[in-house]
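As stored in start13.cif (mmCIF, C-alpha atoms):
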```
data_target
loop_
_atom_site.group_PDB
_atom_site.id
_atom_site.type_symbol
_atom_site.label_atom_id
_atom_site.label_comp_id
_atom_site.auth_asym_id
_atom_site.auth_seq_id
_atom_site.Cartn_x
_atom_site.Cartn_y
_atom_site.Cartn_z
ATOM 1 C CA MET A 1 -127.526 -29.313 81.214
ATOM 2 C CA GLN A 2 -125.386 -32.042 79.702
ATOM 3 C CA THR A 3 -121.887 -32.494 81.102
ATOM 4 C CA ASN A 4 -118.762 -33.178 79.034
ATOM 5 C CA GLU A 5 -118.683 -36.710 80.444
ATOM 6 C CA THR A 6 -122.273 -37.299 79.322
ATOM 7 C CA LEU A 7 -121.513 -35.996 75.838
ATOM 8 C CA GLU A 8 -118.369 -38.125 75.521
ATOM 9 C CA THR A 9 -120.198 -41.288 76.650
ATOM 10 C CA THR A 10 -123.026 -40.640 74.204
ATOM 11 C CA SER A 11 -120.542 -39.973 71.407
ATOM 12 C CA ASP A 12 -118.766 -43.280 72.011
ATOM 13 C CA LEU A 13 -122.055 -45.162 71.817
ATOM 14 C CA VAL A 14 -123.065 -43.383 68.626
ATOM 15 C CA VAL A 15 -119.807 -44.288 66.905
ATOM 16 C CA ALA A 16 -120.121 -47.936 67.932
ATOM 17 C CA GLU A 17 -123.720 -48.339 66.791
ATOM 18 C CA SER A 18 -124.328 -45.945 63.924
ATOM 19 C CA SER A 19 -122.424 -47.825 61.219
ATOM 20 C CA SER A 20 -124.767 -50.853 61.368
ATOM 21 C CA LEU A 21 -128.103 -48.962 61.491
ATOM 22 C CA THR A 22 -130.356 -47.642 58.771
ATOM 23 C CA ASP A 23 -131.142 -43.938 58.856
ATOM 24 C CA GLU A 24 -134.582 -44.603 60.329
ATOM 25 C CA GLN A 25 -133.230 -46.991 62.971
ATOM 26 C CA TYR A 26 -130.577 -44.475 63.887
ATOM 27 C CA ARG A 27 -133.137 -41.659 64.211
ATOM 28 C CA LYS A 28 -135.403 -43.721 66.476
ATOM 29 C CA LYS A 29 -132.484 -44.870 68.621
ATOM 30 C CA MET A 30 -131.209 -41.313 69.094
ATOM 31 C CA GLN A 31 -134.726 -40.085 69.849
ATOM 32 C CA ARG A 32 -135.053 -42.700 72.586
ATOM 33 C CA ARG A 33 -131.594 -41.884 73.922
ATOM 34 C CA LYS A 34 -132.516 -38.204 74.069
ATOM 35 C CA GLU A 35 -135.677 -39.021 76.039
ATOM 36 C CA VAL A 36 -133.725 -41.123 78.545
ATOM 37 C CA GLN A 37 -131.018 -38.517 78.905
ATOM 38 C CA SER A 38 -133.525 -35.696 79.313
ATOM 39 C CA GLN A 39 -135.245 -37.659 82.080
ATOM 40 C CA ARG A 40 -131.949 -38.223 83.886
ATOM 41 C CA ILE A 41 -131.098 -34.530 83.669
ATOM 42 C CA ALA A 42 -134.554 -33.534 84.917
ATOM 43 C CA GLN A 43 -134.090 -35.767 87.971
ATOM 44 C CA ALA A 44 -130.575 -34.548 88.734
ATOM 45 C CA VAL A 45 -129.687 -32.318 91.690
ATOM 46 C CA PRO A 46 -129.675 -28.738 90.339
ATOM 47 C CA GLU A 47 -126.604 -27.546 92.233
ATOM 48 C CA LYS A 48 -124.018 -28.956 94.621
ATOM 49 C CA GLY A 49 -120.599 -27.766 95.702
ATOM 50 C CA LEU A 50 -118.102 -30.377 94.527
ATOM 51 C CA ILE A 51 -114.833 -31.730 95.853
ATOM 52 C CA ILE A 52 -112.730 -32.505 92.780
ATOM 53 C CA VAL A 53 -109.478 -34.491 92.686
ATOM 54 C CA ASN A 54 -107.074 -34.566 89.719
ATOM 55 C CA THR A 55 -104.393 -37.187 90.322
ATOM 56 C CA GLY A 56 -102.282 -39.804 88.534
ATOM 57 C CA ASN A 57 -98.800 -39.911 87.014
ATOM 58 C CA GLY A 58 -99.823 -38.326 83.714
ATOM 59 C CA LYS A 59 -99.469 -34.686 82.752
ATOM 60 C CA GLY A 60 -102.409 -32.282 82.836
ATOM 61 C CA LYS A 61 -103.703 -32.264 86.416
ATOM 62 C CA THR A 62 -103.077 -28.579 87.049
ATOM 63 C CA THR A 63 -103.895 -27.646 83.467
ATOM 64 C CA ALA A 64 -107.350 -29.227 83.745
ATOM 65 C CA ALA A 65 -107.942 -27.471 87.053
ATOM 66 C CA LEU A 66 -106.953 -24.113 85.569
ATOM 67 C CA GLY A 67 -109.525 -24.683 82.841
ATOM 68 C CA MET A 68 -112.181 -24.861 85.561
ATOM 69 C CA VAL A 69 -110.733 -21.701 87.095
ATOM 70 C CA LEU A 70 -111.133 -19.942 83.758
ATOM 71 C CA ARG A 71 -114.733 -21.119 83.472
ATOM 72 C CA SER A 72 -115.514 -19.833 86.960
ATOM 73 C CA LEU A 73 -113.966 -16.468 86.180
ATOM 74 C CA GLY A 74 -116.043 -16.331 83.016
ATOM 75 C CA HIS A 75 -119.165 -16.763 85.147
ATOM 76 C CA GLY A 76 -118.077 -13.822 87.280
ATOM 77 C CA TYR A 77 -117.209 -15.977 90.316
ATOM 78 C CA LYS A 78 -114.424 -15.236 92.754
ATOM 79 C CA VAL A 79 -111.619 -17.815 92.807
ATOM 80 C CA ALA A 80 -108.631 -18.550 95.035
ATOM 81 C CA ILE A 81 -105.563 -20.503 93.857
ATOM 82 C CA ILE A 82 -103.051 -21.777 96.402
ATOM 83 C CA GLN A 83 -100.030 -23.540 94.942
ATOM 84 C CA PHE A 84 -98.161 -26.022 97.131
ATOM 85 C CA ILE A 85 -94.595 -27.100 96.233
ATOM 86 C CA LYS A 86 -94.467 -24.653 93.303
ATOM 87 C CA GLY A 87 -93.404 -21.097 93.976
ATOM 88 C CA ALA A 88 -89.664 -20.955 93.385
ATOM 89 C CA TRP A 89 -90.548 -19.469 89.985
ATOM 90 C CA GLU A 90 -93.350 -17.211 88.787
ATOM 91 C CA PRO A 91 -95.757 -19.484 86.873
ATOM 92 C CA ALA A 92 -96.964 -18.043 83.560
ATOM 93 C CA GLU A 93 -100.573 -18.659 84.517
ATOM 94 C CA LYS A 94 -100.161 -16.211 87.395
ATOM 95 C CA GLU A 95 -99.325 -13.480 84.886
ATOM 96 C CA VAL A 96 -102.339 -14.321 82.730
ATOM 97 C CA PHE A 97 -104.774 -14.504 85.629
ATOM 98 C CA SER A 98 -103.656 -11.068 86.826
ATOM 99 C CA LEU A 99 -106.172 -9.807 84.266
ATOM 100 C CA TRP A 100 -108.873 -10.928 86.702
ATOM 101 C CA GLU A 101 -107.331 -9.388 89.810
ATOM 102 C CA ASP A 102 -110.754 -8.283 91.083
ATOM 103 C CA GLN A 103 -112.020 -11.873 91.018
ATOM 104 C CA LEU A 104 -108.908 -13.917 91.705
ATOM 105 C CA GLU A 105 -106.429 -14.391 94.537
ATOM 106 C CA PHE A 106 -103.286 -16.300 93.529
ATOM 107 C CA HIS A 107 -100.805 -17.553 96.142
ATOM 108 C CA ALA A 108 -97.712 -19.510 95.005
ATOM 109 C CA MET A 109 -96.424 -20.599 98.408
ATOM 110 C CA GLY A 110 -93.912 -23.381 97.870
ATOM 111 C CA GLU A 111 -90.184 -23.067 97.297
ATOM 112 C CA GLY A 112 -89.745 -25.589 94.529
ATOM 113 C CA PHE A 113 -89.486 -29.339 94.113
ATOM 114 C CA THR A 114 -88.313 -31.366 97.102
ATOM 115 C CA TRP A 115 -85.115 -32.370 95.289
ATOM 116 C CA ASP A 116 -84.358 -28.667 94.860
ATOM 117 C CA THR A 117 -85.088 -27.529 98.405
ATOM 118 C CA GLN A 118 -83.515 -30.591 100.091
ATOM 119 C CA ASP A 119 -84.889 -29.390 103.429
ATOM 120 C CA ARG A 120 -87.805 -31.464 104.697
ATOM 121 C CA ASP A 121 -88.464 -29.320 107.763
ATOM 122 C CA ARG A 122 -88.634 -26.154 105.686
ATOM 123 C CA ASP A 123 -90.877 -27.870 103.124
ATOM 124 C CA ILE A 124 -93.252 -28.897 105.918
ATOM 125 C CA VAL A 125 -93.406 -25.330 107.223
ATOM 126 C CA GLN A 126 -94.217 -24.064 103.726
ATOM 127 C CA ALA A 127 -96.883 -26.735 103.219
ATOM 128 C CA ILE A 128 -98.557 -25.912 106.518
ATOM 129 C CA ALA A 129 -98.568 -22.202 105.665
ATOM 130 C CA ALA A 130 -100.095 -22.960 102.264
ATOM 131 C CA TRP A 131 -102.766 -25.151 103.886
ATOM 132 C CA GLU A 132 -103.642 -22.422 106.374
ATOM 133 C CA LYS A 133 -104.131 -20.000 103.476
ATOM 134 C CA GLY A 134 -106.132 -22.642 101.632
ATOM 135 C CA LEU A 135 -108.355 -23.309 104.638
ATOM 136 C CA GLU A 136 -108.977 -19.584 105.015
ATOM 137 C CA SER A 137 -110.116 -19.490 101.381
ATOM 138 C CA ILE A 138 -112.246 -22.633 101.717
ATOM 139 C CA ARG A 139 -114.125 -21.122 104.641
ATOM 140 C CA ASN A 140 -114.675 -17.838 102.812
ATOM 141 C CA PRO A 141 -118.123 -17.967 101.158
ATOM 142 C CA ASP A 142 -117.024 -15.340 98.615
ATOM 143 C CA PHE A 143 -114.785 -17.872 96.827
ATOM 144 C CA LYS A 144 -116.987 -20.026 94.620
ATOM 145 C CA LEU A 145 -113.922 -22.099 93.655
ATOM 146 C CA VAL A 146 -110.707 -22.854 95.532
ATOM 147 C CA LEU A 147 -107.821 -24.640 93.792
ATOM 148 C CA LEU A 148 -105.293 -26.376 96.050
ATOM 149 C CA ASP A 149 -102.635 -27.096 93.457
ATOM 150 C CA GLU A 150 -100.190 -29.955 94.223
ATOM 151 C CA ILE A 151 -101.617 -30.459 97.708
ATOM 152 C CA ASN A 152 -101.749 -34.199 97.005
ATOM 153 C CA ILE A 153 -97.942 -34.203 96.882
ATOM 154 C CA ALA A 154 -97.797 -32.587 100.317
ATOM 155 C CA LEU A 155 -100.173 -35.254 101.614
ATOM 156 C CA LYS A 156 -98.222 -38.079 99.962
ATOM 157 C CA LEU A 157 -94.955 -36.879 101.505
ATOM 158 C CA GLY A 158 -96.520 -36.561 104.955
ATOM 159 C CA TYR A 159 -96.187 -32.776 105.128
ATOM 160 C CA LEU A 160 -99.915 -32.553 105.893
ATOM 161 C CA ARG A 161 -102.304 -35.001 107.548
ATOM 162 C CA VAL A 162 -105.157 -36.195 105.359
ATOM 163 C CA GLU A 163 -107.513 -36.137 108.359
ATOM 164 C CA GLU A 164 -106.839 -32.436 108.805
ATOM 165 C CA VAL A 165 -107.483 -31.702 105.130
ATOM 166 C CA LEU A 166 -110.729 -33.709 105.142
ATOM 167 C CA ALA A 167 -111.880 -31.822 108.211
ATOM 168 C CA GLY A 168 -111.110 -28.561 106.428
ATOM 169 C CA LEU A 169 -113.091 -29.620 103.359
ATOM 170 C CA ASN A 170 -116.089 -30.218 105.601
ATOM 171 C CA GLN A 171 -116.042 -26.497 106.417
ATOM 172 C CA LYS A 172 -116.622 -25.267 102.885
ATOM 173 C CA PRO A 173 -119.924 -23.550 102.032
ATOM 174 C CA VAL A 174 -122.359 -26.086 100.638
ATOM 175 C CA ASP A 175 -122.488 -24.673 97.093
ATOM 176 C CA ASN A 176 -118.778 -23.908 96.679
ATOM 177 C CA HIS A 177 -116.186 -26.077 94.949
ATOM 178 C CA VAL A 178 -112.655 -27.200 95.863
ATOM 179 C CA ILE A 179 -110.124 -28.789 93.476
ATOM 180 C CA LEU A 180 -107.132 -30.741 94.810
ATOM 181 C CA THR A 181 -104.397 -31.681 92.347
ATOM 182 C CA GLY A 182 -101.215 -33.726 92.383
ATOM 183 C CA ARG A 183 -100.156 -37.318 91.970
ATOM 184 C CA GLY A 184 -100.609 -39.862 94.738
ATOM 185 C CA ALA A 185 -103.918 -38.644 96.143
ATOM 186 C CA PRO A 186 -104.641 -40.647 99.319
ATOM 187 C CA THR A 187 -107.469 -43.171 99.303
ATOM 188 C CA ALA A 188 -109.427 -41.320 101.990
ATOM 189 C CA LEU A 189 -109.476 -38.170 99.865
ATOM 190 C CA ILE A 190 -110.538 -40.084 96.758
ATOM 191 C CA GLU A 191 -113.391 -41.657 98.710
ATOM 192 C CA ARG A 192 -114.511 -38.242 99.970
ATOM 193 C CA ALA A 193 -114.402 -36.531 96.555
ATOM 194 C CA ASP A 194 -117.357 -36.115 94.217
ATOM 195 C CA LEU A 195 -115.295 -36.104 91.028
ATOM 196 C CA VAL A 196 -111.961 -37.908 90.612
ATOM 197 C CA THR A 197 -109.881 -37.970 87.437
ATOM 198 C CA GLU A 198 -106.689 -39.991 87.083
ATOM 199 C CA MET A 199 -104.246 -38.820 84.436
ATOM 200 C CA THR A 200 -102.504 -41.867 82.950
ATOM 201 C CA LEU A 201 -98.968 -41.495 81.630
ATOM 202 C CA ILE A 202 -98.497 -43.148 78.243
ATOM 203 C CA LYS A 203 -95.672 -41.098 76.708
ATOM 204 C CA HIS A 204 -93.739 -38.100 77.987
ATOM 205 C CA PRO A 205 -91.140 -36.097 76.024
ATOM 206 C CA PHE A 206 -88.740 -35.778 78.976
ATOM 207 C CA ARG A 207 -88.843 -39.454 79.914
ATOM 208 C CA ASP A 208 -88.898 -40.817 76.368
ATOM 209 C CA GLN A 209 -86.865 -38.239 74.418
ATOM 210 C CA GLY A 210 -84.975 -36.217 77.010
ATOM 211 C CA VAL A 211 -86.834 -33.021 76.063
ATOM 212 C CA LYS A 212 -86.809 -30.312 78.722
ATOM 213 C CA ALA A 213 -89.957 -28.640 80.030
ATOM 214 C CA GLN A 214 -91.365 -26.319 77.390
ATOM 215 C CA PRO A 215 -92.735 -22.800 78.040
ATOM 216 C CA GLY A 216 -96.465 -22.719 77.411
ATOM 217 C CA ILE A 217 -96.703 -26.477 77.956
ATOM 218 C CA GLU A 218 -95.204 -27.271 81.363
ATOM 219 C CA TYR A 219 -94.965 -23.746 82.751
#
```
Output the structure of this file as structure tokens.
Amino acid sequence: MQTNETLETTSDLVVAESSSLTDEQYRKKMQRRKEVQSQRIAQAVPEKGLIIVNTGNGKGKTTAALGMVLRSLGHGYKVAIIQFIKGAWEPAEKEVFSLWEDQLEFHAMGEGFTWDTQDRDRDIVQAIAAWEKGLESIRNPDFKLVLLDEINIALKLGYLRVEEVLAGLNQKPVDNHVILTGRGAPTALIERADLVTEMTLIKHPFRDQGVKAQPGIEY
């Protein structure tokens, strides 16, 4: 089955080449591309549990991860979401995902941003508790997907040790997936991951226009 990345790459190539080709040249080129792509897909590993990292300074890391959560729920899989840092408010996605309460466990275990809590020791305690819940979910073969939201922030701030998290990831069932989000993902985690996406900040309404976080967009 073609992935979104494969489709996007193919689309870019088509746009670049199609304008200079005759209809017959275009047809033959696409036929050959289809043959090559079909061969690659046929040779691909049919299934593998992935470690996925969404990082970078741009917006959309959690949003992209929640899209994967929705896909998994649509397949009938069980999912666990553990939110680090966040938790001082009830995120809107928690309300929506309550519709899948038989498939989903949702744990918002932080107490807010570090500049709000202003208590490093308490933040560390909360991060460790969230990791323990996350590790419990990772080890549980019933959870096809585990989302550790904003765990990269906890790692960046030194609330958790990357070696401990990597060791925990090694305990996941072979066909199950784990997503880790948050800016500043450590190099060791990036090297261990199967799929890494970096969100690049180009413009942001708060930084550039002083616009507050909007319901339905940021929360």
Test item: residues at most 12 Å from segment 52-55 of chain A, only C-alpha atoms, excluding those fewer than 3 positions along its chain, as a PyMOL selection string: chain A and resi 48-49+58-66+68+145-153+156+169+176-201
Would you write out those residues with C-alpha atoms, as an mmCIF file, keeping the file's coordinate frame?
```
data_model
loop_
_atom_site.group_PDB
_atom_site.id
_atom_site.type_symbol
_atom_site.label_atom_id
_atom_site.label_comp_id
_atom_site.auth_asym_id
_atom_site.auth_seq_id
_atom_site.Cartn_x
_atom_site.Cartn_y
_atom_site.Cartn_z
ATOM 1 C CA LYS A 48 -124.018 -28.956 94.621
ATOM 2 C CA GLY A 49 -120.599 -27.766 95.702
ATOM 3 C CA GLY A 58 -99.823 -38.326 83.714
ATOM 4 C CA LYS A 59 -99.469 -34.686 82.752
ATOM 5 C CA GLY A 60 -102.409 -32.282 82.836
ATOM 6 C CA LYS A 61 -103.703 -32.264 86.416
ATOM 7 C CA THR A 62 -103.077 -28.579 87.049
ATOM 8 C CA THR A 63 -103.895 -27.646 83.467
ATOM 9 C CA ALA A 64 -107.350 -29.227 83.745
ATOM 10 C CA ALA A 65 -107.942 -27.471 87.053
ATOM 11 C CA LEU A 66 -106.953 -24.113 85.569
ATOM 12 C CA MET A 68 -112.181 -24.861 85.561
ATOM 13 C CA LEU A 145 -113.922 -22.099 93.655
ATOM 14 C CA VAL A 146 -110.707 -22.854 95.532
ATOM 15 C CA LEU A 147 -107.821 -24.640 93.792
ATOM 16 C CA LEU A 148 -105.293 -26.376 96.050
ATOM 17 C CA ASP A 149 -102.635 -27.096 93.457
ATOM 18 C CA GLU A 150 -100.190 -29.955 94.223
ATOM 19 C CA ILE A 151 -101.617 -30.459 97.708
ATOM 20 C CA ASN A 152 -101.749 -34.199 97.005
ATOM 21 C CA ILE A 153 -97.942 -34.203 96.882
ATOM 22 C CA LYS A 156 -98.222 -38.079 99.962
ATOM 23 C CA LEU A 169 -113.091 -29.620 103.359
ATOM 24 C CA ASN A 176 -118.778 -23.908 96.679
ATOM 25 C CA HIS A 177 -116.186 -26.077 94.949
ATOM 26 C CA VAL A 178 -112.655 -27.200 95.863
ATOM 27 C CA ILE A 179 -110.124 -28.789 93.476
ATOM 28 C CA LEU A 180 -107.132 -30.741 94.810
ATOM 29 C CA THR A 181 -104.397 -31.681 92.347
ATOM 30 C CA GLY A 182 -101.215 -33.726 92.383
ATOM 31 C CA ARG A 183 -100.156 -37.318 91.970
ATOM 32 C CA GLY A 184 -100.609 -39.862 94.738
ATOM 33 C CA ALA A 185 -103.918 -38.644 96.143
ATOM 34 C CA PRO A 186 -104.641 -40.647 99.319
ATOM 35 C CA THR A 187 -107.469 -43.171 99.303
ATOM 36 C CA ALA A 188 -109.427 -41.320 101.990
ATOM 37 C CA LEU A 189 -109.476 -38.170 99.865
ATOM 38 C CA ILE A 190 -110.538 -40.084 96.758
ATOM 39 C CA GLU A 191 -113.391 -41.657 98.710
ATOM 40 C CA ARG A 192 -114.511 -38.242 99.970
ATOM 41 C CA ALA A 193 -114.402 -36.531 96.555
ATOM 42 C CA ASP A 194 -117.357 -36.115 94.217
ATOM 43 C CA LEU A 195 -115.295 -36.104 91.028
ATOM 44 C CA VAL A 196 -111.961 -37.908 90.612
ATOM 45 C CA THR A 197 -109.881 -37.970 87.437
ATOM 46 C CA GLU A 198 -106.689 -39.991 87.083
ATOM 47 C CA MET A 199 -104.246 -38.820 84.436
ATOM 48 C CA THR A 200 -102.504 -41.867 82.950
ATOM 49 C CA LEU A 201 -98.968 -41.495 81.630
#
```
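Take atom CA of Gly76 of chain A and atom CA of Asp142 of chain A: the distance between them is 11.5 Å.
Comparing the minimum interatomic distances between Tyr159 of chain A and each of A:Gln214, A:Glu101, A:Ile85, A:Glu95, counting only C-alpha atoms, we find that A:Ile85 sits nearest.
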Taking (-115.7, -15.0, 94.8) in the coordinates of the supplied file, I want to know which residues reach to within 7 Å of it, counting only C-alpha atoms; could you give the answer as a PyMOL selection string? chain A and resi 77-79+103+142-144
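Note that atom CA of Asp175 of chain A and atom CA of Ile138 of chain A are 11.4 Å apart.
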Using the chain letters and numbers from the file, which residues does the PyMOL selection byres ((chain A and resi 167) around 12) grab, as a short mmCIF file (atom, residue, chain, number, x, y, z; two decimals) with C-alpha atoms, in the frame of the given file?
```
data_model
loop_
_atom_site.label_atom_id
_atom_site.label_comp_id
_atom_site.auth_asym_id
_atom_site.auth_seq_id
_atom_site.Cartn_x
_atom_site.Cartn_y
_atom_site.Cartn_z
CA LEU A 135 -108.36 -23.31 104.64
CA ILE A 138 -112.25 -22.63 101.72
CA ARG A 139 -114.12 -21.12 104.64
CA ARG A 161 -102.30 -35.00 107.55
CA VAL A 162 -105.16 -36.20 105.36
CA GLU A 163 -107.51 -36.14 108.36
CA GLU A 164 -106.84 -32.44 108.80
CA VAL A 165 -107.48 -31.70 105.13
CA LEU A 166 -110.73 -33.71 105.14
CA GLY A 168 -111.11 -28.56 106.43
CA LEU A 169 -113.09 -29.62 103.36
CA ASN A 170 -116.09 -30.22 105.60
CA GLN A 171 -116.04 -26.50 106.42
CA LYS A 172 -116.62 -25.27 102.88
CA ALA A 188 -109.43 -41.32 101.99
CA LEU A 189 -109.48 -38.17 99.86
CA ARG A 192 -114.51 -38.24 99.97
#
```
Nearest to Leu50 of chain A, chosen from A:Arg27, A:Pro173, A:Ile81, A:Ala127, with only C-alpha atoms counted in the distances: A:Pro173
Gap from atom CA of His75 of chain A to atom CA of Ala92 of chain A - Å, one decimal: 22.3 Å
For segment 129-133 of chain A, work out the shell of residues within 9 Å, counting all atoms listed in the file and skipping chain neighbours fewer than 3 positions away, then give it as a count of residues only. 17
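Among A:Lys34, A:Glu105, A:Lys94, A:Lys203, the residue with the shortest atom-to-atom distance to Gly134 of chain A, counting only C-alpha atoms, is A:Glu105.
You can rank A:Gly56, A:Glu47, A:Arg32, A:Leu104 by their closest distance to Ser72 of chain A using all atoms listed in the file, and at the top of that list sits A:Leu104.
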Around all of segment 131-135 of chain A's listed atoms, make the axis-aligned box with 4 Å on each side and tell me centre and edge lengths in Å to one decimal, as lines of an AutoDock Vina configuration file.
```
center_x = -105.6
center_y = -22.6
center_z = 104.0
size_x = 13.6
size_y = 13.2
size_z = 12.7
```
